[in-house]
>>> print(open('data_3.txt').read())   # compact mmCIF, C-alpha atoms
# COMPACT_ATOMS: atom_id res chain seq x y z
CA MET W 28 2.51 28.90 20.09
CA THR W 29 0.20 31.55 18.66
CA SER W 30 -1.93 31.43 15.53
CA MET W 31 0.69 33.69 13.89
CA ASP W 32 3.09 30.70 13.96
CA LYS W 33 0.48 28.57 12.16
CA PRO W 34 -1.18 30.74 9.51
CA TRP W 35 -3.70 27.98 8.77
CA LEU W 36 -4.71 27.40 12.40
CA ASP W 37 -7.80 29.63 12.35
CA LYS W 38 -8.74 28.60 8.81
CA ILE W 39 -9.58 24.89 9.18
CA SER W 40 -12.28 23.04 11.10
CA ASN W 41 -11.13 19.49 10.45
CA SER W 42 -7.59 18.14 9.98
CA ASN W 43 -8.85 16.03 7.04
CA GLN W 44 -8.76 19.28 5.10
CA LEU W 45 -4.97 18.98 5.22
CA GLY W 46 -4.59 15.19 5.03
CA GLY W 47 -4.96 11.96 6.95
CA ILE W 48 -6.06 8.32 6.67
CA GLU W 49 -9.46 7.24 5.39
CA THR W 50 -10.59 3.59 5.37
CA SER W 51 -13.29 2.12 3.16
CA ILE W 52 -14.35 -1.01 1.27
CA LEU W 53 -14.27 -1.55 -2.48
CA ASP W 54 -17.76 -2.35 -3.77
CA ASN W 55 -17.15 -3.29 -7.41
CA GLY W 56 -14.87 -5.24 -9.72
CA LEU W 57 -12.30 -7.93 -8.90
CA GLY W 58 -11.51 -6.31 -5.56
CA LYS W 59 -15.12 -6.20 -4.37
CA GLY W 60 -15.36 -6.50 -0.60
CA SER W 61 -11.69 -5.66 0.03
CA ARG W 62 -10.71 -3.18 2.72
CA ILE W 63 -8.51 -0.25 1.73
CA ALA W 64 -7.01 2.85 3.34
CA TRP W 65 -6.35 6.07 1.42
CA ILE W 66 -3.49 8.05 2.91
CA ASN W 67 -3.19 11.71 1.95
CA THR W 68 0.07 13.30 3.08
CA GLY W 69 -1.08 16.82 2.21
CA SER W 70 2.12 17.26 0.17
CA GLY W 71 0.71 16.20 -3.18
CA LEU W 72 1.49 12.54 -2.39
CA ARG W 73 -1.49 10.26 -1.78
CA PHE W 74 -1.67 6.48 -1.96
CA LYS W 75 -4.00 3.52 -1.40
CA VAL W 76 -3.16 0.69 1.01
CA LEU W 77 -4.75 -2.70 0.27
CA ILE W 78 -5.48 -3.91 3.81
CA ASP W 79 -6.60 -7.32 2.58
CA ARG W 80 -3.48 -7.77 0.44
CA ALA W 81 -0.82 -7.71 3.19
CA MET W 82 -1.17 -3.91 3.38
CA ASP W 83 0.50 -3.55 0.00
CA ILE W 84 0.22 -0.21 -1.81
CA SER W 85 -1.80 0.02 -5.01
CA ASP W 86 -2.51 3.51 -6.41
CA ALA W 87 -0.01 6.28 -5.76
CA PHE W 88 -0.10 9.84 -7.09
CA PHE W 89 2.03 12.93 -6.75
CA ASN W 90 -0.11 15.92 -7.68
CA GLU W 91 -1.61 15.02 -11.08
CA ASN W 92 0.95 12.33 -11.91
CA SER W 93 0.50 8.62 -11.31
CA LEU W 94 3.60 6.88 -9.96
CA ALA W 95 2.57 3.22 -10.07
CA TRP W 96 1.87 0.70 -12.79
CA HIS W 97 -1.39 -1.23 -12.67
CA SER W 98 -1.92 -4.52 -14.46
CA ALA W 99 -5.11 -5.07 -16.43
CA LEU W 100 -6.55 -6.75 -13.31
CA GLY W 101 -6.14 -3.85 -10.90
CA ALA W 102 -6.93 -4.51 -7.25
CA VAL W 103 -7.98 -8.14 -6.72
CA SER W 104 -9.48 -9.66 -3.59
CA PRO W 105 -7.05 -11.96 -1.75
CA GLN W 106 -6.97 -15.59 -2.86
CA PRO W 107 -4.92 -17.34 -0.15
CA PHE W 108 -4.75 -20.65 -2.01
CA SER W 109 -3.34 -19.19 -5.24
CA ASN W 110 0.05 -20.59 -4.30
CA LYS W 111 0.66 -23.28 -6.90
CA GLY W 112 2.72 -22.86 -10.04
CA ALA W 113 2.23 -19.39 -11.56
CA GLU W 114 -1.25 -18.85 -10.05
CA TRP W 115 0.16 -15.78 -8.26
CA LEU W 116 -0.09 -13.92 -11.58
CA ARG W 117 -3.87 -14.36 -11.59
CA THR W 118 -4.09 -11.93 -8.67
CA PHE W 119 -1.15 -9.67 -9.59
CA GLY W 120 -2.67 -6.21 -9.87
CA GLY W 121 0.65 -4.39 -9.93
CA GLY W 122 0.65 -1.21 -7.85
CA LEU W 123 3.39 0.69 -6.10
CA LEU W 124 4.30 -2.19 -3.75
CA VAL W 125 3.60 -5.91 -3.83
CA THR W 126 5.24 -7.95 -1.04
CA CYS W 127 6.77 -11.30 -2.05
CA GLY W 128 7.66 -14.04 0.42
CA LEU W 129 7.91 -14.71 3.32
CA THR W 130 9.61 -18.06 2.71
CA HIS W 131 10.20 -18.01 -1.06
CA VAL W 132 10.73 -15.41 -3.80
CA GLY W 133 11.14 -16.54 -7.37
CA GLY W 134 9.49 -18.90 -9.81
CA PRO W 135 7.56 -22.10 -9.12
CA GLU W 136 9.75 -24.96 -7.89
CA SER W 137 9.81 -28.32 -6.15
CA ASP W 138 12.43 -30.13 -4.11
CA ASP W 139 12.72 -32.48 -1.14
CA PHE W 140 11.45 -29.64 1.10
CA GLY W 141 8.16 -29.14 -0.73
CA ASP W 142 6.39 -27.41 -3.62
CA ARG W 143 6.42 -23.62 -3.88
CA GLY W 144 4.46 -21.33 -6.16
CA LEU W 145 5.62 -18.06 -7.70
CA HIS W 146 6.55 -15.48 -5.02
CA ASP W 147 4.80 -17.33 -2.14
CA GLN W 148 1.63 -16.38 -0.23
CA ILE W 149 2.01 -13.18 1.76
CA SER W 150 0.50 -10.79 -0.80
CA ASN W 151 -2.70 -12.87 -0.83
CA THR W 152 -3.12 -12.59 2.94
CA SER W 153 -5.40 -10.18 4.82
CA ALA W 154 -4.16 -8.02 7.66
CA GLN W 155 -5.66 -7.63 11.10
CA ILE W 156 -5.55 -3.89 11.76
CA GLU W 157 -3.92 -3.12 15.09
CA SER W 158 -4.08 0.67 15.04
CA ILE W 159 -4.66 3.79 12.95
CA ILE W 160 -3.12 7.02 14.20
CA GLN W 161 -4.37 10.22 12.61
CA PRO W 162 -2.45 13.50 12.47
CA ASP W 163 -3.62 16.31 14.72
CA PRO W 164 -1.86 19.42 13.41
CA VAL W 165 -3.72 21.76 15.74
CA MET W 166 -2.01 19.94 18.62
CA GLY W 167 1.31 19.86 16.78
CA LYS W 168 1.05 16.19 15.78
CA PHE W 169 1.87 15.76 12.10
CA ASP W 170 2.64 12.00 12.09
CA MET W 171 0.12 9.44 10.84
CA ASN W 172 0.36 5.66 10.58
CA ILE W 173 -1.51 2.42 10.11
CA THR W 174 -0.33 -0.87 11.63
CA GLY W 175 -1.52 -4.38 10.88
CA ILE W 176 -0.66 -8.02 11.60
CA ILE W 177 -0.30 -10.49 8.70
CA GLN W 178 0.11 -14.22 9.42
CA GLN W 179 1.57 -16.81 7.05
CA GLY W 180 1.79 -20.48 7.83
CA HIS W 181 -0.22 -23.41 9.09
CA PRO W 182 -0.47 -25.76 12.10
CA LEU W 183 2.37 -28.29 12.33
CA GLY W 184 4.44 -26.16 9.97
CA PRO W 185 5.92 -22.69 9.44
CA ASN W 186 4.28 -19.88 11.36
CA LEU W 187 5.59 -16.41 10.46
CA VAL W 188 3.89 -13.22 11.62
CA MET W 189 4.58 -9.87 9.97
CA ARG W 190 3.73 -6.64 11.75
CA ARG W 191 3.63 -3.86 9.16
CA THR W 192 3.50 -0.14 9.88
CA ILE W 193 3.06 2.36 7.08
CA SER W 194 3.68 5.91 8.22
CA ALA W 195 3.83 9.41 6.79
CA VAL W 196 4.17 12.98 7.97
CA LEU W 197 1.70 15.67 7.03
CA GLY W 198 3.33 17.97 4.51
CA GLU W 199 6.09 15.52 3.44
CA ALA W 200 6.08 13.45 0.22
CA VAL W 201 7.50 10.36 1.94
CA ILE W 202 6.20 6.85 2.66
CA ASN W 203 7.88 4.86 5.43
CA ILE W 204 7.33 1.11 5.66
CA LYS W 205 8.53 -0.87 8.66
CA ASP W 206 8.11 -4.64 8.77
CA GLU W 207 8.82 -6.86 11.76
CA ILE W 208 8.74 -10.59 11.02
CA VAL W 209 8.69 -13.08 13.89
CA ASN W 210 8.83 -16.87 13.81
CA ARG W 211 5.97 -17.95 16.08
CA GLY W 212 6.54 -21.61 15.25
CA ASN W 213 8.77 -24.10 17.02
CA THR W 214 11.23 -24.92 14.24
CA PRO W 215 13.62 -22.81 12.14
CA THR W 216 11.86 -21.48 9.04
CA PRO W 217 13.32 -20.48 5.65
CA HIS W 218 12.91 -16.77 4.98
CA MET W 219 13.02 -14.74 1.78
CA LEU W 220 11.51 -11.26 1.29
CA LEU W 221 11.19 -9.02 -1.77
CA TYR W 222 9.58 -5.57 -2.10
CA HIS W 223 8.20 -5.67 -5.66
CA CYS W 224 7.86 -1.94 -6.50
CA ASN W 225 6.18 -1.32 -9.86
CA PHE W 226 6.43 2.05 -11.60
CA GLY W 227 4.42 3.17 -14.61
CA TRP W 228 3.53 6.05 -16.91
CA PRO W 229 3.87 9.01 -16.71
CA LEU W 230 6.71 8.66 -14.18
CA VAL W 231 8.13 5.86 -16.33
CA ASP W 232 8.39 7.10 -19.87
CA GLU W 233 10.77 6.91 -22.78
CA GLY W 234 13.97 8.66 -21.61
CA SER W 235 13.29 8.42 -17.87
CA GLU W 236 16.47 7.56 -15.96
CA ILE W 237 16.69 4.38 -13.86
CA ILE W 238 19.04 4.94 -10.93
CA TRP W 239 21.02 2.19 -9.21
CA SER W 240 24.64 1.15 -8.80
CA GLY W 241 26.37 -2.08 -7.86
CA LYS W 242 27.77 -5.28 -9.27
CA TRP W 243 25.13 -6.73 -11.60
CA THR W 244 24.26 -10.08 -13.16
CA PRO W 245 21.60 -10.52 -15.87
CA ARG W 246 18.84 -12.98 -15.06
CA GLU W 247 18.60 -14.04 -18.70
CA SER W 248 21.50 -15.50 -20.67
CA GLY W 249 22.45 -16.04 -24.28
CA SER W 250 20.04 -14.74 -26.91
CA GLN W 251 17.40 -14.05 -24.26
CA ASN W 252 19.58 -11.31 -22.78
CA GLN W 253 19.04 -8.32 -25.07
CA ILE W 254 19.09 -5.43 -22.59
CA PHE W 255 21.55 -6.05 -19.74
CA LYS W 256 24.80 -6.19 -21.69
CA ASP W 257 28.04 -4.25 -21.31
CA GLY W 258 27.82 -1.22 -23.58
CA ASN W 259 24.02 -1.03 -23.51
CA ASP W 260 22.26 1.91 -21.87
CA PHE W 261 19.93 -0.07 -19.65
CA HIS W 262 19.56 2.86 -17.22
CA THR W 263 17.29 4.71 -19.67
CA CYS W 264 13.66 3.65 -20.11
CA LEU W 265 12.86 2.32 -23.57
CA PRO W 266 9.75 2.95 -25.67
CA PRO W 267 7.32 0.02 -25.99
CA ILE W 268 9.03 -2.79 -27.92
CA ASP W 269 7.68 -5.81 -29.81
CA ALA W 270 10.15 -8.13 -28.05
CA HIS W 271 8.19 -7.60 -24.81
CA LEU W 272 4.77 -8.48 -26.15
CA GLY W 273 3.13 -11.21 -24.07
CA GLY W 274 5.62 -12.70 -21.64
CA GLY W 275 8.65 -10.79 -22.91
CA GLU W 276 10.67 -9.26 -20.08
CA GLU W 277 14.18 -9.06 -18.66
CA ALA W 278 15.70 -8.53 -15.23
CA VAL W 279 19.06 -7.94 -13.62
CA PHE W 280 20.22 -8.88 -10.11
CA ILE W 281 22.28 -6.17 -8.37
CA ASP W 282 24.55 -6.50 -5.35
CA VAL W 283 23.59 -2.93 -4.59
CA ASP W 284 26.11 -0.32 -3.42
CA ALA W 285 25.74 1.32 -0.01
CA ASP W 286 27.01 4.63 1.33
CA SER W 287 29.24 5.05 4.39
CA ALA W 288 26.19 4.76 6.65
CA GLY W 289 25.15 1.46 5.08
CA MET W 290 22.20 2.98 3.18
CA CYS W 291 21.27 2.04 -0.39
CA LYS W 292 19.41 4.24 -2.85
CA SER W 293 17.71 3.48 -6.12
CA GLY W 294 15.00 5.22 -8.08
CA ILE W 295 13.72 6.85 -11.22
CA ARG W 296 14.13 10.38 -12.55
CA ASN W 297 11.79 11.93 -15.09
CA LYS W 298 13.40 15.23 -16.13
CA LYS W 299 10.50 16.09 -18.43
CA LEU W 300 8.07 16.06 -15.52
CA GLY W 301 10.64 17.36 -13.03
CA LEU W 302 9.88 14.37 -10.82
CA ASP W 303 12.22 12.06 -8.87
CA LEU W 304 11.28 8.97 -6.85
CA THR W 305 13.82 7.22 -4.66
CA LEU W 306 13.82 3.99 -2.66
CA GLU W 307 16.00 4.04 0.46
CA PHE W 308 16.87 0.88 2.39
CA ARG W 309 19.59 -0.66 4.55
CA LYS W 310 22.25 -2.91 3.04
CA ASP W 311 22.35 -5.13 6.14
CA GLN W 312 18.61 -5.78 5.81
CA LEU W 313 18.09 -5.83 2.04
CA PRO W 314 21.43 -6.44 0.31
CA TRP W 315 20.00 -7.16 -3.15
CA LEU W 316 18.12 -5.14 -5.75
CA THR W 317 16.34 -6.50 -8.82
CA ASN W 318 15.58 -4.26 -11.81
CA TRP W 319 12.68 -5.67 -13.85
CA GLN W 320 12.02 -4.20 -17.28
CA HIS W 321 8.87 -5.09 -19.23
CA TRP W 322 8.35 -2.63 -22.11
CA GLY W 323 5.25 -4.28 -23.57
CA LYS W 324 2.70 -2.29 -25.57
CA GLY W 325 -0.17 -1.52 -23.21
CA GLU W 326 1.79 -3.32 -20.46
CA TYR W 327 4.61 -0.86 -19.83
CA VAL W 328 6.32 -1.23 -16.46
CA MET W 329 9.68 -0.93 -14.75
CA GLY W 330 10.27 -2.57 -11.38
CA LEU W 331 12.82 -1.90 -8.64
CA GLU W 332 12.80 -4.65 -6.02
CA PRO W 333 14.91 -4.56 -2.84
CA GLY W 334 15.20 -7.99 -1.25
CA THR W 335 16.98 -10.31 1.12
CA ASN W 336 17.91 -12.30 -1.99
CA PRO W 337 17.43 -11.91 -5.70
CA PRO W 338 14.27 -13.81 -6.79
CA ILE W 339 16.16 -17.04 -7.44
CA GLY W 340 13.89 -19.24 -5.34
CA GLN W 341 14.36 -21.10 -2.10
CA LYS W 342 15.91 -24.11 -3.82
CA LYS W 343 18.82 -22.23 -5.40
CA ALA W 344 19.34 -20.10 -2.29
CA ARG W 345 19.62 -23.29 -0.26
CA GLU W 346 22.09 -24.78 -2.75
CA THR W 347 24.29 -21.66 -2.73
CA GLY W 348 24.21 -21.31 1.06
CA THR W 349 22.42 -17.94 0.93
CA LEU W 350 19.06 -19.05 2.32
CA ILE W 351 18.15 -17.23 5.55
CA PHE W 352 16.46 -19.05 8.43
CA ILE W 353 14.46 -17.47 11.26
CA ASN W 354 14.69 -19.37 14.52
CA PRO W 355 11.70 -19.80 16.86
CA GLY W 356 11.02 -16.50 18.61
CA GLU W 357 13.53 -14.62 16.43
CA LYS W 358 12.58 -11.29 14.81
CA LYS W 359 13.78 -9.75 11.56
CA GLU W 360 13.24 -6.05 10.88
CA TYR W 361 13.07 -4.26 7.53
CA ASP W 362 12.75 -0.58 6.66
CA LEU W 363 11.89 0.87 3.25
CA THR W 364 11.40 4.57 2.49
CA ILE W 365 9.80 5.86 -0.70
CA ARG W 366 10.54 9.53 -1.28
CA VAL W 367 9.12 11.79 -4.02
CA LEU W 368 10.74 15.08 -5.03
CA ASN W 369 9.32 17.71 -7.36
CA THR W 370 12.57 18.81 -8.98
CA LYS W 371 10.84 21.17 -11.38
CA GLU W 372 9.43 23.11 -8.43
CA THR W 373 12.86 23.10 -6.75
CA THR W 374 14.52 24.40 -9.92
CA ASN W 375 11.95 27.14 -10.39
CA SER W 376 12.20 28.30 -6.79
CA SER W 377 15.97 28.71 -7.09
CA ASN W 378 15.70 31.08 -10.03
>>> encode(input="data_3.txt", output="structure tokens")
Amino acid sequence: MTSMDKPWLDKISNSNQLGGIETSILDNGLGKGSRIAWINTGSGLRFKVLIDRAMDISDAFFNENSLAWHSALGAVSPQPFSNKGAEWLRTFGGGLLVTCGLTHVGGPESDDFGDRGLHDQISNTSAQIESIIQPDPVMGKFDMNITGIIQQGHPLGPNLVMRRTISAVLGEAVINIKDEIVNRGNTPTPHMLLYHCNFGWPLVDEGSEIIWSGKWTPRESGSQNQIFKDGNDFHTCLPPIDAHLGGGEEAVFIDVDADSAGMCKSGIRNKKLGLDLTLEFRKDQLPWLTNWQHWGKGEYVMGLEPGTNPPIGQKKARETGTLIFINPGEKKEYDLTIRVLNTKETTNSSN
């Protein structure tokens, strides 16, 4: 291939000029001392991986627009023992992706099988980095990825190991997440997993469209259910509302529809910005979707959360016969794709 096939070939000295993966350590604030990796796809999409928070994704931008919601805390160093009651919220910085599980997703609960805190422990667990692969466009290699190992469990009890790979392609506004979860213990272990994706302004704004389809059930009931009612337009983002000050929020559990290939899609469309974001996942891996809406003033967020179960907790899943178990040596695989499309640019180019 000649330089005429790659007009940029003779114009760069370092592939970082186009994109790549850069690791560093936060040196200030609540996340001080935490390892991170900035991934620049060279397409306008760039995002920050929190290596010490199960390789979750915090900041995410497409060109000048932020995609993710951040709580007032922002990035917080991992606190592995924040697993009682609602202590999980003390380290909840928001961000594009927060992983919940691996044995419980839902509120605090107790039963004959133990005590479980909100959304379990995995997001407060550091990763051991296995590899970082940089793109090398001069040699025709446009793929990049980072892989890490995250362990959850204890001796004489559950021992789950998650191998997470986050990959991207230079020039494409796409994030691919692949998780492989193996039971390294010697007894069957309960398993629940939820990808808590949190979207904020300006992507989420009054009038932005929330996209999903499927049979739905409100989490709240009676007078507490004000949004997810037949006849309401709960697919359009609301302005900030007084009802969501403090702990006000609502959610709906969706038995999400799949296409003929077994793929599910959900997302958000901001026509004013000309910006679409979609989540793509497999029905046989993640059959449920939760839509969380929290339109608080100064705390304005909409969540789309693919999961093995809705966040009903291990206790209820066990009672309803929907609790998954992973046998010793068994592996579960999960794939999630986050895709960003500049529809304004597409529209303009077609004129």
>>> closest_residue(input="data_3.txt", among="W:Leu350, W:Ala81, W:Ile281, W:Leu57", to="Leu100 of chain W", atoms="only C-alpha atoms")
W:Leu57
>>> residues_around(input="data_3.txt", residues="Ser42 of chain W", least_positions_apart="4", cutoff="7 Å", atoms="only C-alpha atoms", output="PyMOL selection string")
chain W and resi 46+163-164
>>> atom_distance(input="data_3.txt", atom1="atom CA of Ile238 of chain W", atom2="atom CA of Thr305 of chain W")
8.5 Å
>>> atom_distance(input="data_3.txt", atom1="atom CA of Val367 of chain W", atom2="atom CA of Gly294 of chain W")
9.7 Å
>>> residues_near_point(input="data_3.txt", point="(12.3, 21.0, -15.3)", cutoff="6 Å", atoms="all atoms listed in the file", output="MDAnalysis selection string")
chainID W and resid 298 301 371
>>> atom_distance(input="data_3.txt", atom1="atom CA of Lys33 of chain W", atom2="atom CA of Leu72 of chain W")
21.7 Å
>>> residues_around(input="data_3.txt", residues="segment 333-344 of chain W", least_positions_apart="5", cutoff="7 Å", atoms="all atoms listed in the file", output="list in words")
His131, Val132, Gly133, Gly134, Asp138, Met219, Leu220, Leu221, Tyr222, Phe280, Gln312, Leu313, Pro314, Trp315, Leu316, Thr317, Thr349 and Leu350 of chain W
>>> write_last_selection(input="data_3.txt", atoms="C-alpha atoms", output="mmCIF file, in the frame of the given file")
data_model
loop_
_atom_site.group_PDB
_atom_site.id
_atom_site.type_symbol
_atom_site.label_atom_id
_atom_site.label_comp_id
_atom_site.auth_asym_id
_atom_site.auth_seq_id
_atom_site.Cartn_x
_atom_site.Cartn_y
_atom_site.Cartn_z
ATOM 1 C CA HIS W 131 10.200 -18.010 -1.060
ATOM 2 C CA VAL W 132 10.730 -15.410 -3.800
ATOM 3 C CA GLY W 133 11.140 -16.540 -7.370
ATOM 4 C CA GLY W 134 9.490 -18.900 -9.810
ATOM 5 C CA ASP W 138 12.430 -30.130 -4.110
ATOM 6 C CA MET W 219 13.020 -14.740 1.780
ATOM 7 C CA LEU W 220 11.510 -11.260 1.290
ATOM 8 C CA LEU W 221 11.190 -9.020 -1.770
ATOM 9 C CA TYR W 222 9.580 -5.570 -2.100
ATOM 10 C CA PHE W 280 20.220 -8.880 -10.110
ATOM 11 C CA GLN W 312 18.610 -5.780 5.810
ATOM 12 C CA LEU W 313 18.090 -5.830 2.040
ATOM 13 C CA PRO W 314 21.430 -6.440 0.310
ATOM 14 C CA TRP W 315 20.000 -7.160 -3.150
ATOM 15 C CA LEU W 316 18.120 -5.140 -5.750
ATOM 16 C CA THR W 317 16.340 -6.500 -8.820
ATOM 17 C CA THR W 349 22.420 -17.940 0.930
ATOM 18 C CA LEU W 350 19.060 -19.050 2.320
#
>>> closest_atom_pairs(input="data_3.txt", of="segment 109-179 of chain W", to="segment 184-202 of chain W", cutoff="8 Å", atoms="all atoms listed in the file", output="JSON lines")
{"residue": "W:Leu129", "atom": "CA", "partner": "W:Leu187", "partner_atom": "CA", "distance": 7.7}
{"residue": "W:Pro162", "atom": "CA", "partner": "W:Leu197", "partner_atom": "CA", "distance": 7.2}
{"residue": "W:Phe169", "atom": "CA", "partner": "W:Leu197", "partner_atom": "CA", "distance": 5.1}
{"residue": "W:Asp170", "atom": "CA", "partner": "W:Val196", "partner_atom": "CA", "distance": 4.5}
{"residue": "W:Met171", "atom": "CA", "partner": "W:Ala195", "partner_atom": "CA", "distance": 5.5}
{"residue": "W:Asn172", "atom": "CA", "partner": "W:Ser194", "partner_atom": "CA", "distance": 4.1}
{"residue": "W:Ile173", "atom": "CA", "partner": "W:Ile193", "partner_atom": "CA", "distance": 5.5}
{"residue": "W:Thr174", "atom": "CA", "partner": "W:Thr192", "partner_atom": "CA", "distance": 4.3}
{"residue": "W:Gly175", "atom": "CA", "partner": "W:Arg191", "partner_atom": "CA", "distance": 5.5}
{"residue": "W:Ile176", "atom": "CA", "partner": "W:Arg190", "partner_atom": "CA", "distance": 4.6}
{"residue": "W:Ile177", "atom": "CA", "partner": "W:Met189", "partner_atom": "CA", "distance": 5.1}
{"residue": "W:Gln178", "atom": "CA", "partner": "W:Val188", "partner_atom": "CA", "distance": 4.5}
{"residue": "W:Gln179", "atom": "CA", "partner": "W:Leu187", "partner_atom": "CA", "distance": 5.3}
